[in-house]
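**Q** Shown below is the structure under consideration.
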2 protein chains.
Amino acid sequence: MSKVQQIASAYSELQKKICRILEKADGKASFTEHTWEKEIGSGSTCVIQNGNVIEKGAVNYSFVQGEFTPQMGKLLGEKASHYAVTGISSIIHPVNPHVPIIHMNIRYFELDNKTVWFGGGIDLTPHFVDVAEAKAFHQQLKTMCDKYSAAFYPHFKEWADNYFFIPHRNETRGIGGIFFDRMKPDHTISFEELLRFTLELGNTYPKIYAEIMQKKSKLSFTEAEKKWQQIRRGRYVEFNLVYDRGTKFGLESNGNTESILVSLPANASWEFNYKVETDSPEYHTLQMLRKEIDWVNYTI
Amino acid sequence: MSKVQQIASAYSELQKKICRILEKADGKASFTEHTWEKEIGSGSTCVIQNGNVIEKGAVNYSFVQGEFTPQMGKLLGEKASHYAVTGISSIIHPVNPHVPIIHMNIRYFELDNKTVWFGGGIDLTPHFVDVAEAKAFHQQLKTMCDKYSAAFYPHFKEWADNYFFIPHRNETRGIGGIFFDRMKPDHTISFEELLRFTLELGNTYPKIYAEIMQKKSKLSFTEAEKKWQQIRRGRYVEFNLVYDRGTKFGLESNGNTESILVSLPANASWEFNYKVETDSPEYHTLQMLRKEIDWVNYTI
């Protein structure tokens, strides 16, 4: 079995594990698996809907391969004739506006010229920024990253700030997290360590979210807070459709549309010139949607 | 006064006229004008909301100019140092799912190397395709086009089929209409005729829609039909954010975000693997969302 197949089966197992943990945390809804096969490969989209806590969520696994086209080569600055990629991506949209949206993905990419790399990330998109939650989230990520390299967290945190950003709104998608791409094994980190890092990220993800769900999902909320959630979901749609590279690459490469767009919320709103009241919780949230906040050392 | 200023003021007047006609047809809500000024120019966004018929609609007018960058030059295959563009764009999202979404835009583009062109289009996006309505709509456009050139309608209709298409869904946005771009005056058509053509399109637009509003807005509808409308609005959002060139160009060129994204519906839904019942009206609508339907000669 080649490396990509081994990793694909480890990721596939991890997908199921993530689903079990999230299902348990929700306590009502369960995941339904939809497998798909296309010319470029196959995958499994596990979807959960109308739960106690989760309104709509998915954990995608896929393993695709094909010709490494000159266009891809130019884009990635690599020469090869065949590629294979396997990964997991997941997004959860909660019912309660006090529970944040979460996203996580990991992937392994292999070329037939022996080039390999890992990529991935995790980020939290609160409808209402909770400073303690943001600080704890970033601290958990830092602790995890530090086990592999002291350079990881600061580097990947900055990468996330820049990646999860909506230029036309001049705001970040949420409070960020970590993002990394094209991490190749070298003298500072081995292939096995990078693989373990992505697996640990995948394993940590549902635990982090289960904790947040438990803390927040019983909070009461108003119609106005629900409305604000709809507006923020609109921004999430804007980010995913206009900027997200995974979404764009997926749609352009004739991927499985339903699995790619399962990341979109069950519903979203847009209102012209939506204004928030000064000093309202919505106002304070907007103040926090910016890059370069040092969440780990943030003084509450 | 240069040509672009003359045309800008004609378009600005036309914007107000369109608003008056649509307002009258709605009978309840009225347009609110929001003017804006940025480094690249200025504009006016007239927004109507929560009407009898119109849930959310806008008529945008803008006049922008600036440096014709090498990047623009490469994209358009033109050499110049300064550009100016003025135009109107409008989208209406109705309350009633039996009333279609409509979109229209016209624009005039001028370079300081004396190159000028016109562009624009109109298209109808029914949530439920009504064959008689689609046929009448295309017949009205053909009659209008034929006054200028017999070549216009077939050419612009095909252009619309190709432009208002969602590749990742393999469906057209709606039943099409006409689309044209970079129409330069030549031996077959004069500058004045092209200008008159865009003005006639802008004038015809609210009349066409007022007629449809009158016919359809009193029809009763069910919860399920409203749900379907939300799903179709989701597709409209996908088209606008992923493919629409005006939206992309606007966001990339640091345009006025609120005016650009006022085209998005007040709300939209996404459901994983949404299926329609065979032989249902939704099913028949999906069958009609394809290119190359000869609506004018369609036998009902």
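Following the order of the structure tokens, first chain is A, next is B, and so on, with residues numbered from 1 inside each chain and ligands from 1 in the order they appear.
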Select, as a ChimeraX atom specification, those residues of chain B with any atom no more than 7 Å from chain A (distances computed using only C-alpha atoms).

**A** /B:168,238,241-242,251,257-258,262,264-273

**Q** Okay, now the selection with C-alpha atoms, as a compact mmCIF listing (two decimals), in the first residue's frame?

**A**
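Writing the result to again00.txt gives the following:
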# COMPACT_ATOMS: atom_id res chain seq x y z
CA HIS B 168 -21.29 23.50 -10.91
CA GLU B 238 -24.08 31.08 -5.89
CA LEU B 241 -20.80 35.43 -5.82
CA VAL B 242 -19.00 32.77 -7.87
CA LEU B 251 -15.42 43.62 -5.24
CA THR B 257 -19.61 46.72 -1.26
CA GLU B 258 -23.13 47.45 -0.01
CA VAL B 262 -27.58 44.66 -2.59
CA LEU B 264 -28.40 39.35 -2.86
CA PRO B 265 -31.83 38.25 -1.61
CA ALA B 266 -33.05 39.13 1.90
CA ASN B 267 -32.66 35.45 2.72
CA ALA B 268 -31.72 32.17 1.05
CA SER B 269 -31.46 28.49 1.97
CA TRP B 270 -29.18 25.56 1.29
CA GLU B 271 -30.16 21.97 1.93
CA PHE B 272 -27.83 19.06 1.27
CA ASN B 273 -28.95 16.92 -1.68

**Q** Going by DSSP on the backbone, which bits of segment 160-254 of chain B are strand (DSSP E or B)? Write them as a ChimeraX atom specification, please.

**A** /B:165-166,171-172,177-183

**Q** Keeping only C-alpha atoms, take the residues you just selected and write them out as a compact mmCIF listing (two decimals), in the first residue's frame.

**A**
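Generated file (result.txt):
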# COMPACT_ATOMS: atom_id res chain seq x y z
CA PHE B 165 -25.19 29.65 -16.43
CA ILE B 166 -24.09 27.89 -13.23
CA GLU B 171 -28.23 24.61 -14.95
CA THR B 172 -29.02 28.09 -16.23
CA GLY B 177 -32.94 36.94 -21.79
CA ILE B 178 -30.31 39.00 -23.56
CA PHE B 179 -26.71 39.84 -22.69
CA PHE B 180 -24.18 41.92 -24.63
CA ASP B 181 -20.80 43.44 -23.96
CA ARG B 182 -18.18 45.54 -25.74
CA MET B 183 -20.62 46.61 -28.47

**Q** Under the rule that only C-alpha atoms are counted, which of A:Asp146, A:Glu78, A:Glu55, A:Glu133 is the nearest residue to Asn113 of chain A?

**A**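 For Asn113 of chain A, the nearest of the candidates is A:Glu78.
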
**Q** Calculated over only C-alpha atoms, which of the candidates A:Val4, A:Val85, A:Val59, A:Ala151 has the smallest distance to Asn105 of chain A?

**A** A:Val59

**Q** List as a PyMOL selection string the protein and nucleic acid residues near Gly120 of chain A, meaning an atom at most 12 Å away when only C-alpha atoms are counted, but skip any in the same chain fewer than 3 places from it.

**A** chain A and resi 86-90+103-109+117+123+156+159-160+163+177-183+194-195+197-202+205+245-246

**Q** I need the residues from that last selection saved to file as a short mmCIF file (atom, residue, chain, number, x, y, z; two decimals), in the first residue's frame (with N, CA and C atoms), if you can.

**A**
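Once written, part-v3.cif looks like this:
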data_model
loop_
_atom_site.label_atom_id
_atom_site.label_comp_id
_atom_site.auth_asym_id
_atom_site.auth_seq_id
_atom_site.Cartn_x
_atom_site.Cartn_y
_atom_site.Cartn_z
N THR A 86 -5.84 13.36 -0.39
CA THR A 86 -6.89 12.86 0.49
C THR A 86 -7.03 13.81 1.66
N GLY A 87 -8.24 13.94 2.18
CA GLY A 87 -8.43 14.89 3.27
C GLY A 87 -9.79 14.79 3.92
N ILE A 88 -9.90 15.55 5.01
CA ILE A 88 -11.17 15.69 5.73
C ILE A 88 -11.47 17.18 5.80
N SER A 89 -12.73 17.54 5.62
CA SER A 89 -13.11 18.92 5.91
C SER A 89 -14.46 18.90 6.60
N SER A 90 -14.62 19.80 7.54
CA SER A 90 -15.84 19.79 8.34
C SER A 90 -16.25 21.21 8.72
N HIS A 103 -14.94 25.30 11.84
CA HIS A 103 -14.47 24.67 10.61
C HIS A 103 -13.12 24.03 10.87
N MET A 104 -12.89 22.87 10.28
CA MET A 104 -11.60 22.19 10.40
C MET A 104 -11.32 21.44 9.10
N ASN A 105 -10.09 21.44 8.66
CA ASN A 105 -9.74 20.55 7.55
C ASN A 105 -8.29 20.13 7.62
N ILE A 106 -8.04 18.93 7.12
CA ILE A 106 -6.67 18.42 7.00
C ILE A 106 -6.57 17.73 5.64
N ARG A 107 -5.40 17.78 5.04
CA ARG A 107 -5.25 17.08 3.76
C ARG A 107 -3.79 16.70 3.50
N TYR A 108 -3.64 15.66 2.71
CA TYR A 108 -2.32 15.18 2.32
C TYR A 108 -2.28 15.15 0.80
N PHE A 109 -1.21 15.70 0.24
CA PHE A 109 -1.09 15.85 -1.20
C PHE A 109 0.20 15.17 -1.65
N TRP A 117 3.10 16.95 0.55
CA TRP A 117 2.91 17.97 1.59
C TRP A 117 1.59 17.78 2.32
N ASP A 123 -10.75 26.98 12.42
CA ASP A 123 -11.06 28.35 12.84
C ASP A 123 -12.47 28.42 13.40
N PHE A 156 1.26 29.70 11.98
CA PHE A 156 -0.05 29.25 11.48
C PHE A 156 -1.19 30.16 11.93
N TRP A 159 -1.09 33.00 9.55
CA TRP A 159 -1.58 32.49 8.27
C TRP A 159 -3.12 32.47 8.27
N ALA A 160 -3.68 32.02 9.39
CA ALA A 160 -5.15 31.98 9.52
C ALA A 160 -5.75 33.39 9.48
N TYR A 163 -5.71 34.30 5.93
CA TYR A 163 -6.55 33.46 5.07
C TYR A 163 -8.05 33.69 5.33
N GLY A 177 -7.69 31.13 14.09
CA GLY A 177 -7.29 29.81 14.56
C GLY A 177 -5.93 29.53 13.96
N ILE A 178 -5.79 28.39 13.30
CA ILE A 178 -4.53 28.12 12.59
C ILE A 178 -4.84 27.69 11.16
N PHE A 179 -3.91 27.96 10.28
CA PHE A 179 -4.01 27.56 8.88
C PHE A 179 -2.61 27.26 8.39
N PHE A 180 -2.46 26.19 7.63
CA PHE A 180 -1.14 25.86 7.07
C PHE A 180 -1.33 25.12 5.76
N ASP A 181 -0.36 25.27 4.87
CA ASP A 181 -0.46 24.62 3.57
C ASP A 181 0.94 24.30 3.06
N ARG A 182 1.03 23.29 2.24
CA ARG A 182 2.30 22.89 1.62
C ARG A 182 3.42 22.72 2.64
N MET A 183 3.09 22.09 3.76
CA MET A 183 4.09 21.78 4.77
C MET A 183 4.78 20.49 4.34
N LEU A 194 4.55 15.28 10.77
CA LEU A 194 3.52 16.09 10.09
C LEU A 194 2.21 15.32 10.01
N LEU A 195 2.31 14.04 9.70
CA LEU A 195 1.11 13.21 9.65
C LEU A 195 0.43 13.18 11.03
N PHE A 197 0.66 15.34 13.33
CA PHE A 197 0.11 16.67 13.62
C PHE A 197 -1.29 16.82 13.00
N THR A 198 -1.44 16.42 11.75
CA THR A 198 -2.78 16.54 11.13
C THR A 198 -3.78 15.62 11.83
N LEU A 199 -3.33 14.43 12.22
CA LEU A 199 -4.24 13.52 12.91
C LEU A 199 -4.63 14.08 14.28
N GLU A 200 -3.68 14.70 14.94
CA GLU A 200 -4.01 15.28 16.25
C GLU A 200 -4.98 16.45 16.09
N LEU A 201 -4.77 17.24 15.06
CA LEU A 201 -5.71 18.34 14.80
C LEU A 201 -7.12 17.80 14.57
N GLY A 202 -7.21 16.75 13.76
CA GLY A 202 -8.51 16.14 13.48
C GLY A 202 -9.16 15.56 14.72
N TYR A 205 -10.27 18.54 17.23
CA TYR A 205 -11.40 19.34 16.73
C TYR A 205 -12.75 19.03 17.39
N ARG A 245 -10.35 28.81 -0.98
CA ARG A 245 -9.65 28.12 -2.06
C ARG A 245 -10.14 26.69 -2.26
N GLY A 246 -10.48 26.03 -1.15
CA GLY A 246 -10.98 24.66 -1.26
C GLY A 246 -12.28 24.63 -2.06
#

**Q** Which of segment 65-252 of chain A counts as helix (DSSP H, G or I) under DSSP, as a PyMOL selection string please?

**A** chain A and resi 70-76+131-146+152-163+167-169+191-216+223-243+245-252

**Q** Using only C-alpha atoms, find the one residue out of A:Ile92, A:Arg196, A:Lys79, A:Ala84 that sits nearest to Ser42 of chain A.

**A**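 Closest residue, counting only C-alpha atoms: A:Ala84.
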
**Q** Would you pick out the contacts of Ser30 of chain A at 9 Å or less, using only C-alpha atoms, so that residues sharing its chain but fewer than 2 positions from it are not included, and give the list as a PyMOL selection string?

**A** chain A and resi 19-20+22-24+26-28+32+47-49+51
